[in-house]
>>> print(open('entry-v7.tsv').read())   # TSV, C-alpha atoms
chain	number	residue	atom	x	y	z
D	1	MET	CA	23.68	-48.54	23.85
D	2	THR	CA	24.35	-49.14	27.53
D	3	SER	CA	25.65	-46.02	29.26
D	4	PRO	CA	29.11	-46.40	30.87
D	5	ALA	CA	27.79	-45.77	34.38
D	6	SER	CA	25.40	-48.73	34.11
D	7	ASP	CA	27.52	-51.11	32.06
D	8	PRO	CA	27.14	-54.60	33.58
D	9	GLU	CA	30.86	-55.37	33.19
D	10	LEU	CA	32.04	-52.30	35.10
D	11	PRO	CA	31.67	-53.78	38.64
D	12	ARG	CA	33.59	-56.88	37.49
D	13	VAL	CA	36.38	-54.75	36.06
D	14	ARG	CA	36.63	-52.66	39.21
D	15	GLY	CA	36.66	-55.77	41.36
D	16	PHE	CA	39.46	-57.29	39.30
D	17	LEU	CA	41.54	-54.11	39.57
D	18	SER	CA	41.07	-53.92	43.32
D	19	ALA	CA	42.04	-57.57	43.76
D	20	PHE	CA	45.07	-57.21	41.49
D	21	HIS	CA	46.45	-54.23	43.41
D	22	ARG	CA	45.97	-56.03	46.72
D	23	ARG	CA	47.54	-59.29	45.54
D	24	GLN	CA	50.48	-57.55	43.91
D	25	ALA	CA	51.40	-55.60	47.05
D	26	ALA	CA	54.12	-56.66	49.44
D	27	ARG	CA	51.98	-55.24	52.26
D	28	THR	CA	48.68	-53.41	52.60
D	29	VAL	CA	47.04	-51.08	55.11
D	30	ASP	CA	43.24	-51.08	55.15
D	31	PHE	CA	41.01	-48.11	55.93
D	32	PRO	CA	37.25	-47.53	55.51
D	33	GLY	CA	36.57	-47.44	51.77
D	34	GLY	CA	39.94	-48.67	50.56
D	35	PHE	CA	43.53	-49.64	51.28
D	36	ALA	CA	47.11	-48.55	50.72
D	37	VAL	CA	49.65	-50.78	48.98
D	38	PHE	CA	53.41	-50.77	49.53
D	39	ASP	CA	56.42	-52.53	48.11
D	40	ASP	CA	59.79	-51.31	49.37
D	41	ALA	CA	61.55	-53.25	46.60
D	42	TYR	CA	60.12	-50.76	44.08
D	43	ALA	CA	59.82	-47.64	46.22
D	44	LEU	CA	59.94	-45.23	43.26
D	45	SER	CA	57.12	-47.00	41.39
D	46	ARG	CA	53.84	-45.30	42.10
D	47	THR	CA	51.81	-48.25	40.84
D	48	ASN	CA	53.41	-50.31	43.62
D	49	ASN	CA	53.03	-47.68	46.35
D	50	HIS	CA	49.70	-45.86	46.43
D	51	VAL	CA	46.30	-45.51	48.01
D	52	LEU	CA	43.35	-47.23	46.34
D	53	VAL	CA	39.81	-46.12	47.13
D	54	ASP	CA	37.44	-48.88	46.05
D	55	GLY	CA	34.48	-48.21	48.35
D	56	THR	CA	31.15	-46.46	47.93
D	57	LEU	CA	30.18	-42.90	48.80
D	58	ASP	CA	28.82	-44.16	52.12
D	59	GLU	CA	32.15	-45.82	52.95
D	60	THR	CA	34.46	-43.01	51.84
D	61	ASP	CA	35.26	-39.81	53.72
D	62	ALA	CA	36.17	-37.54	50.80
D	63	GLU	CA	37.15	-34.58	53.00
D	64	ALA	CA	39.52	-36.73	55.03
D	65	LEU	CA	41.21	-38.38	52.03
D	66	PRO	CA	44.03	-35.80	51.52
D	67	GLY	CA	45.15	-36.10	55.13
D	68	LEU	CA	44.83	-39.87	55.04
D	69	VAL	CA	47.03	-40.14	51.96
D	70	ASP	CA	49.62	-37.88	53.63
D	71	GLU	CA	49.58	-40.06	56.72
D	72	LEU	CA	49.85	-43.35	54.85
D	73	GLN	CA	52.52	-42.20	52.37
D	74	GLY	CA	54.48	-40.00	54.74
D	75	SER	CA	57.76	-41.84	54.07
D	76	LEU	CA	57.51	-41.54	50.28
D	77	PRO	CA	58.68	-38.60	48.13
D	78	TYR	CA	55.30	-38.45	46.35
D	79	ARG	CA	51.58	-38.84	46.98
D	80	HIS	CA	49.49	-41.04	44.70
D	81	ALA	CA	45.89	-42.26	44.97
D	82	TYR	CA	43.45	-44.07	42.70
D	83	VAL	CA	39.66	-43.88	43.03
D	84	LEU	CA	37.73	-46.58	41.18
D	85	ASP	CA	34.13	-45.35	41.43
D	86	GLU	CA	33.29	-42.24	39.40
D	87	GLU	CA	30.80	-40.83	41.92
D	88	VAL	CA	33.32	-41.25	44.72
D	89	ALA	CA	36.01	-39.63	42.57
D	90	ALA	CA	33.74	-36.65	41.90
D	91	ALA	CA	33.23	-36.19	45.65
D	92	CYS	CA	36.97	-36.48	46.32
D	93	ARG	CA	38.13	-34.15	43.56
D	94	GLU	CA	37.53	-30.80	45.25
D	95	PRO	CA	39.16	-31.73	48.60
D	96	MET	CA	42.11	-33.34	46.82
D	97	GLU	CA	42.67	-30.41	44.45
D	98	ARG	CA	42.40	-28.00	47.37
D	99	ALA	CA	45.26	-29.95	48.95
D	100	GLY	CA	47.40	-29.55	45.83
D	101	TYR	CA	46.68	-32.79	43.99
D	102	ARG	CA	46.48	-33.05	40.21
D	103	HIS	CA	43.55	-35.04	38.88
D	104	SER	CA	43.53	-37.23	35.76
D	105	THR	CA	41.60	-40.22	34.51
D	106	SER	CA	42.17	-43.45	32.64
D	107	LEU	CA	39.42	-45.04	30.58
D	108	LEU	CA	38.30	-48.57	31.33
D	109	MET	CA	37.72	-50.20	27.94
D	110	CYS	CA	36.10	-53.60	27.42
D	111	HIS	CA	36.52	-55.66	24.26
D	112	ARG	CA	33.21	-55.94	22.43
D	113	GLY	CA	34.40	-56.94	18.97
D	114	PRO	CA	34.98	-60.41	17.52
D	115	VAL	CA	37.87	-62.37	19.03
D	116	PRO	CA	40.80	-62.16	16.60
D	117	ALA	CA	42.98	-65.03	15.51
D	118	HIS	CA	46.16	-65.59	17.49
D	119	GLY	CA	48.55	-62.81	16.48
D	120	GLY	CA	51.74	-64.86	16.70
D	121	ALA	CA	53.25	-63.15	19.76
D	122	ARG	CA	55.10	-65.38	22.22
D	123	GLU	CA	55.06	-65.78	25.97
D	124	VAL	CA	58.39	-64.55	27.39
D	125	ASP	CA	59.98	-63.93	30.77
D	126	LEU	CA	61.29	-60.74	32.34
D	127	ASP	CA	64.87	-61.40	31.22
D	128	VAL	CA	63.74	-61.10	27.59
D	129	LEU	CA	61.89	-57.84	28.23
D	130	ARG	CA	64.40	-56.14	30.49
D	131	GLU	CA	66.46	-54.41	27.78
D	132	PRO	CA	63.60	-53.16	25.55
D	133	VAL	CA	61.50	-52.08	28.53
D	134	THR	CA	64.45	-50.14	29.94
D	135	ALA	CA	64.91	-48.39	26.59
D	136	SER	CA	61.20	-47.54	26.42
D	137	TRP	CA	61.21	-45.94	29.88
D	138	ARG	CA	64.23	-43.82	28.95
D	139	ARG	CA	62.14	-42.61	26.00
D	140	PHE	CA	58.90	-42.04	27.94
D	141	ALA	CA	60.48	-40.63	31.13
D	142	PRO	CA	63.83	-39.07	30.21
D	143	GLN	CA	63.88	-37.22	33.54
D	144	ALA	CA	63.84	-40.49	35.54
D	145	GLY	CA	67.12	-41.43	37.18
D	146	PRO	CA	68.70	-44.92	37.01
D	147	GLU	CA	67.09	-46.10	40.26
D	148	HIS	CA	63.66	-44.95	39.14
D	149	VAL	CA	64.03	-46.70	35.78
D	150	ARG	CA	65.17	-49.85	37.55
D	151	ASP	CA	62.01	-49.87	39.68
D	152	LEU	CA	59.81	-49.28	36.63
D	153	VAL	CA	61.40	-52.22	34.83
D	154	GLU	CA	61.79	-54.72	37.66
D	155	ARG	CA	58.30	-54.18	39.09
D	156	ARG	CA	57.03	-56.76	36.59
D	157	THR	CA	58.31	-59.33	39.07
D	158	ALA	CA	55.65	-58.17	41.54
D	159	ARG	CA	52.95	-58.29	38.85
D	160	ALA	CA	53.42	-62.04	38.61
D	161	ARG	CA	51.51	-62.42	41.90
D	162	GLY	CA	48.72	-59.97	40.98
D	163	ALA	CA	46.40	-62.44	39.23
D	164	GLU	CA	45.74	-66.16	39.05
D	165	VAL	CA	47.63	-66.33	35.73
D	166	VAL	CA	50.10	-63.67	34.54
D	167	ARG	CA	51.75	-63.85	31.14
D	168	PHE	CA	54.23	-61.51	29.48
D	169	LEU	CA	53.84	-61.45	25.69
D	170	ALA	CA	56.19	-60.20	22.98
D	171	ALA	CA	56.18	-59.90	19.20
D	172	TYR	CA	59.48	-60.14	17.35
D	173	SER	CA	60.80	-58.31	14.30
D	174	ALA	CA	62.03	-60.16	11.23
D	175	GLY	CA	65.54	-59.61	12.59
D	176	GLY	CA	64.74	-61.34	15.88
D	177	GLU	CA	64.40	-58.24	18.08
D	178	VAL	CA	61.61	-57.74	20.62
D	179	ALA	CA	59.40	-55.26	18.79
D	180	ALA	CA	56.33	-54.95	21.07
D	181	TRP	CA	55.12	-56.39	24.34
D	182	ALA	CA	52.28	-56.43	26.86
D	183	ASP	CA	51.13	-58.04	30.09
D	184	LEU	CA	48.13	-60.37	30.21
D	185	TYR	CA	46.42	-60.98	33.57
D	186	LEU	CA	43.88	-63.80	33.70
D	187	ASP	CA	41.31	-65.03	36.19
D	188	PRO	CA	39.79	-67.96	34.27
D	189	ALA	CA	37.49	-68.97	37.14
D	190	ALA	CA	35.91	-65.50	37.16
D	191	GLY	CA	36.07	-65.21	33.37
D	192	ILE	CA	37.95	-61.89	33.29
D	193	ALA	CA	41.25	-60.74	31.81
D	194	GLN	CA	43.21	-57.49	31.68
D	195	ILE	CA	45.72	-56.45	29.02
D	196	GLU	CA	48.23	-53.92	30.33
D	197	ASP	CA	51.34	-51.98	29.25
D	198	LEU	CA	51.10	-52.55	25.51
D	199	VAL	CA	54.25	-50.87	24.14
D	200	THR	CA	56.12	-50.86	20.83
D	201	ALA	CA	59.90	-50.37	20.74
D	202	GLU	CA	60.74	-47.11	18.99
D	203	PRO	CA	62.64	-48.68	16.03
D	204	HIS	CA	59.59	-50.83	15.24
D	205	LEU	CA	56.75	-48.30	15.44
D	206	GLY	CA	54.11	-48.49	12.74
D	207	GLN	CA	54.92	-52.03	11.66
D	208	GLY	CA	51.92	-53.85	13.15
D	209	HIS	CA	53.70	-55.45	16.08
D	210	ALA	CA	51.41	-53.96	18.76
D	211	GLY	CA	48.41	-55.33	16.88
D	212	ALA	CA	50.01	-58.78	16.86
D	213	VAL	CA	50.51	-58.64	20.63
D	214	LEU	CA	46.98	-57.36	21.25
D	215	ASP	CA	45.43	-60.03	19.01
D	216	THR	CA	47.45	-62.71	20.80
D	217	ALA	CA	46.35	-61.47	24.22
D	218	LEU	CA	42.68	-61.35	23.21
D	219	SER	CA	42.85	-64.81	21.66
D	220	MET	CA	44.57	-66.30	24.72
D	221	ALA	CA	42.08	-64.65	27.07
D	222	ALA	CA	39.12	-66.00	25.10
D	223	THR	CA	40.65	-69.48	24.98
D	224	ALA	CA	41.01	-69.32	28.79
D	225	GLY	CA	37.25	-68.64	29.05
D	226	CYS	CA	37.55	-64.93	29.86
D	227	THR	CA	34.47	-63.28	28.37
D	228	THR	CA	35.28	-59.96	30.06
D	229	ARG	CA	38.47	-58.60	28.48
D	230	PHE	CA	39.57	-55.08	29.30
D	231	LEU	CA	42.42	-52.58	29.34
D	232	THR	CA	43.05	-49.02	30.49
D	233	ALA	CA	43.89	-46.03	28.28
D	234	ARG	CA	44.50	-42.33	28.77
D	235	PRO	CA	41.67	-40.31	27.15
D	236	ALA	CA	44.07	-37.58	26.01
D	237	ASP	CA	46.40	-39.99	24.17
D	238	TRP	CA	45.79	-41.47	20.72
D	239	PRO	CA	45.92	-45.22	21.60
D	240	HIS	CA	42.38	-45.23	22.97
D	241	ARG	CA	41.10	-44.43	19.47
D	242	TRP	CA	43.15	-47.31	18.06
D	243	TYR	CA	41.70	-49.59	20.74
D	244	GLY	CA	38.25	-48.49	19.63
D	245	ARG	CA	39.04	-49.62	16.11
D	246	LYS	CA	40.18	-52.94	17.58
D	247	GLY	CA	36.78	-53.54	19.17
D	248	PHE	CA	37.15	-51.91	22.60
D	249	GLU	CA	34.50	-49.67	24.13
D	250	ALA	CA	34.83	-47.34	27.12
D	251	VAL	CA	32.66	-48.51	30.02
D	252	GLY	CA	33.94	-46.20	32.76
D	253	SER	CA	37.03	-44.55	34.16
D	254	VAL	CA	39.49	-44.61	37.05
D	255	SER	CA	40.59	-41.35	38.69
D	256	ARG	CA	44.18	-40.64	39.64
D	257	PHE	CA	45.29	-38.01	42.16
D	258	GLU	CA	49.00	-37.11	42.28
D	259	ARG	CA	51.19	-34.66	44.16
D	260	ALA	CA	54.96	-34.38	44.24
>>> encode(input="entry-v7.tsv", output="structure tokens")
Amino acid sequence: MTSPASDPELPRVRGFLSAFHRRQAARTVDFPGGFAVFDDAYALSRTNNHVLVDGTLDETDAEALPGLVDELQGSLPYRHAYVLDEEVAAACREPMERAGYRHSTSLLMCHRGPVPAHGGAREVDLDVLREPVTASWRRFAPQAGPEHVRDLVERRTARARGAEVVRFLAAYSAGGEVAAWADLYLDPAAGIAQIEDLVTAEPHLGQGHAGAVLDTALSMAATAGCTTRFLTARPADWPHRWYGRKGFEAVGSVSRFERA
């Protein structure tokens, strides 16, 4: 089996993530080894306002990163940085933790199983998702205020510019309610696709709706010619094991550094 550090799809996945973050941003600020992204329309959304380190060890000054993040995000009430390369993340961890940052990782998982049949989910727009997504954020982040929840919901508008093709998918219950949903980001020319934010509405948990959305996304990605199909998952949460049963395999990880 190919080790994660040498998986041939990992550079493609990292490149897609870097490009998505840059394209999604309202504005960017470049620095050696990475860039910062900003979007004042969603100021409380950390995925729209953060620092992304996508360079190599030679390009990245790990000791200087805490001060750089402070400088770039000085107007924000939080500090948030992603590091794509695992060796770079390892070099940055001690300086960042010394400066008070919490470190966590997300797995990068590529689909290696057979492509499933279309799961029957539909392409929808943000208006359809607004109510169920709002309810889900109130469940996941009960401490978030109304403005924060608004940013977390409405930021999907910015995602529409993150990739060549962006689709929002939803599966419906027998009663006609949105039961589960996900984003699908496609770059058919490069042959790569990302599935993101797969969520099931609380009243519909355990009924197979997330599987229907995931199968639909994988089928649509394959039909678009995307042979590299990936998603991210927290290693401490149970979904990554479910993704493994659905044919996904961890090929690497992304580091996250956060400070209030």
>>> closest_residue(input="entry-v7.tsv", among="D:Val165, D:Val199, D:Leu72, D:Ala193", to="D:Leu129", atoms="all atoms listed in the file")
D:Val199
>>> residues_around(input="entry-v7.tsv", residues="D:Pro32", least_positions_apart="5", cutoff="9 Å", atoms="all atoms listed in the file", output="list of chain:residue names")
D:Val53, D:Gly55, D:Glu59, D:Thr60, D:Asp61
>>> closest_residue(input="entry-v7.tsv", among="D:Asp127, D:Glu258, D:Asp54, D:Asp183", to="D:Arg79", atoms="all atoms listed in the file")
D:Glu258
>>> atom_distance(input="entry-v7.tsv", atom1="atom CA of D:Glu131", atom2="atom CA of D:Asp197")
15.4 Å
>>> atom_distance(input="entry-v7.tsv", atom1="atom CA of D:Leu65", atom2="atom CA of D:Met96")
7.3 Å
>>> closest_residue(input="entry-v7.tsv", among="D:Glu147, D:Arg156, D:Ala171, D:Asp85", to="D:Gly15", atoms="only C-alpha atoms")
D:Asp85
>>> closest_residue(input="entry-v7.tsv", among="D:Phe230, D:Val178, D:Ser219, D:Pro188", to="D:Leu205", atoms="all atoms listed in the file")
D:Val178
>>> closest_residue(input="entry-v7.tsv", among="D:Arg112, D:Arg122, D:Arg46, D:His80", to="D:His209", atoms="all atoms listed in the file")
D:Arg122
>>> closest_residue(input="entry-v7.tsv", among="D:Arg102, D:Val254, D:Ala201, D:Asp151", to="D:Ser173", atoms="all atoms listed in the file")
D:Ala201
>>> atom_distance(input="entry-v7.tsv", atom1="atom CA of D:Ala41", atom2="atom CA of D:Glu123")
25.0 Å
>>> build_atoms(input="entry-v7.tsv", residues="stretch 35-63 of chain D", atoms="N, CA and C atoms", output="mmCIF file, keeping the file's coordinate frame")
data_model
loop_
_atom_site.group_PDB
_atom_site.id
_atom_site.type_symbol
_atom_site.label_atom_id
_atom_site.label_comp_id
_atom_site.auth_asym_id
_atom_site.auth_seq_id
_atom_site.Cartn_x
_atom_site.Cartn_y
_atom_site.Cartn_z
ATOM 1 N N PHE D 35 42.291 -49.135 50.678
ATOM 2 C CA PHE D 35 43.530 -49.640 51.280
ATOM 3 C C PHE D 35 44.722 -48.984 50.603
ATOM 4 N N ALA D 36 45.849 -49.013 51.295
ATOM 5 C CA ALA D 36 47.110 -48.550 50.720
ATOM 6 C C ALA D 36 47.982 -49.761 50.438
ATOM 7 N N VAL D 37 48.750 -49.698 49.340
ATOM 8 C CA VAL D 37 49.650 -50.780 48.980
ATOM 9 C C VAL D 37 51.085 -50.250 49.021
ATOM 10 N N PHE D 38 51.996 -51.142 49.422
ATOM 11 C CA PHE D 38 53.410 -50.770 49.530
ATOM 12 C C PHE D 38 54.273 -51.927 49.040
ATOM 13 N N ASP D 39 55.399 -51.560 48.457
ATOM 14 C CA ASP D 39 56.420 -52.530 48.110
ATOM 15 C C ASP D 39 57.764 -51.802 48.130
ATOM 16 N N ASP D 40 58.518 -52.005 49.201
ATOM 17 C CA ASP D 40 59.790 -51.310 49.370
ATOM 18 C C ASP D 40 60.809 -51.693 48.306
ATOM 19 N N ALA D 41 60.621 -52.831 47.650
ATOM 20 C CA ALA D 41 61.550 -53.250 46.600
ATOM 21 C C ALA D 41 61.465 -52.348 45.378
ATOM 22 N N TYR D 42 60.331 -51.645 45.228
ATOM 23 C CA TYR D 42 60.120 -50.760 44.080
ATOM 24 C C TYR D 42 59.574 -49.427 44.598
ATOM 25 N N ALA D 43 60.311 -48.804 45.491
ATOM 26 C CA ALA D 43 59.820 -47.640 46.220
ATOM 27 C C ALA D 43 59.523 -46.454 45.326
ATOM 28 N N LEU D 44 60.157 -46.369 44.158
ATOM 29 C CA LEU D 44 59.940 -45.230 43.260
ATOM 30 C C LEU D 44 58.840 -45.492 42.239
ATOM 31 N N SER D 45 58.222 -46.663 42.292
ATOM 32 C CA SER D 45 57.120 -47.000 41.390
ATOM 33 C C SER D 45 55.799 -46.675 42.061
ATOM 34 N N ARG D 46 55.098 -45.718 41.500
ATOM 35 C CA ARG D 46 53.840 -45.300 42.100
ATOM 36 C C ARG D 46 52.752 -46.362 41.967
ATOM 37 N N THR D 47 52.826 -47.199 40.951
ATOM 38 C CA THR D 47 51.810 -48.250 40.840
ATOM 39 C C THR D 47 52.034 -49.367 41.859
ATOM 40 N N ASN D 48 53.156 -49.345 42.558
ATOM 41 C CA ASN D 48 53.410 -50.310 43.620
ATOM 42 C C ASN D 48 53.297 -49.710 45.004
ATOM 43 N N ASN D 49 53.134 -48.386 45.075
ATOM 44 C CA ASN D 49 53.030 -47.680 46.350
ATOM 45 C C ASN D 49 52.005 -46.563 46.193
ATOM 46 N N HIS D 50 50.772 -46.842 46.609
ATOM 47 C CA HIS D 50 49.700 -45.860 46.430
ATOM 48 C C HIS D 50 48.525 -46.186 47.335
ATOM 49 N N VAL D 51 47.573 -45.303 47.313
ATOM 50 C CA VAL D 51 46.300 -45.510 48.010
ATOM 51 C C VAL D 51 45.252 -45.844 46.962
ATOM 52 N N LEU D 52 44.428 -46.837 47.251
ATOM 53 C CA LEU D 52 43.350 -47.230 46.340
ATOM 54 C C LEU D 52 42.022 -47.125 47.072
ATOM 55 N N VAL D 53 41.158 -46.261 46.579
ATOM 56 C CA VAL D 53 39.810 -46.120 47.130
ATOM 57 C C VAL D 53 38.870 -46.938 46.252
ATOM 58 N N ASP D 54 38.332 -48.002 46.816
ATOM 59 C CA ASP D 54 37.440 -48.880 46.050
ATOM 60 C C ASP D 54 36.067 -48.995 46.681
ATOM 61 N N GLY D 55 35.768 -48.148 47.666
ATOM 62 C CA GLY D 55 34.480 -48.210 48.350
ATOM 63 C C GLY D 55 33.430 -47.313 47.735
ATOM 64 N N THR D 56 32.283 -47.273 48.371
ATOM 65 C CA THR D 56 31.150 -46.460 47.930
ATOM 66 C C THR D 56 31.205 -45.088 48.575
ATOM 67 N N LEU D 57 30.275 -44.229 48.179
ATOM 68 C CA LEU D 57 30.180 -42.900 48.800
ATOM 69 C C LEU D 57 29.930 -43.015 50.299
ATOM 70 N N ASP D 58 29.126 -43.984 50.702
ATOM 71 C CA ASP D 58 28.820 -44.160 52.120
ATOM 72 C C ASP D 58 30.042 -44.602 52.914
ATOM 73 N N GLU D 59 30.967 -45.285 52.260
ATOM 74 C CA GLU D 59 32.150 -45.820 52.950
ATOM 75 C C GLU D 59 33.341 -44.871 52.931
ATOM 76 N N THR D 60 33.291 -43.846 52.083
ATOM 77 C CA THR D 60 34.460 -43.010 51.840
ATOM 78 C C THR D 60 34.281 -41.624 52.415
ATOM 79 N N ASP D 61 35.261 -41.169 53.187
ATOM 80 C CA ASP D 61 35.260 -39.810 53.720
ATOM 81 C C ASP D 61 36.112 -38.955 52.783
ATOM 82 N N ALA D 62 35.455 -38.294 51.823
ATOM 83 C CA ALA D 62 36.170 -37.540 50.800
ATOM 84 C C ALA D 62 36.979 -36.400 51.408
ATOM 85 N N GLU D 63 36.437 -35.711 52.399
ATOM 86 C CA GLU D 63 37.150 -34.580 53.000
ATOM 87 C C GLU D 63 38.408 -35.035 53.732
#
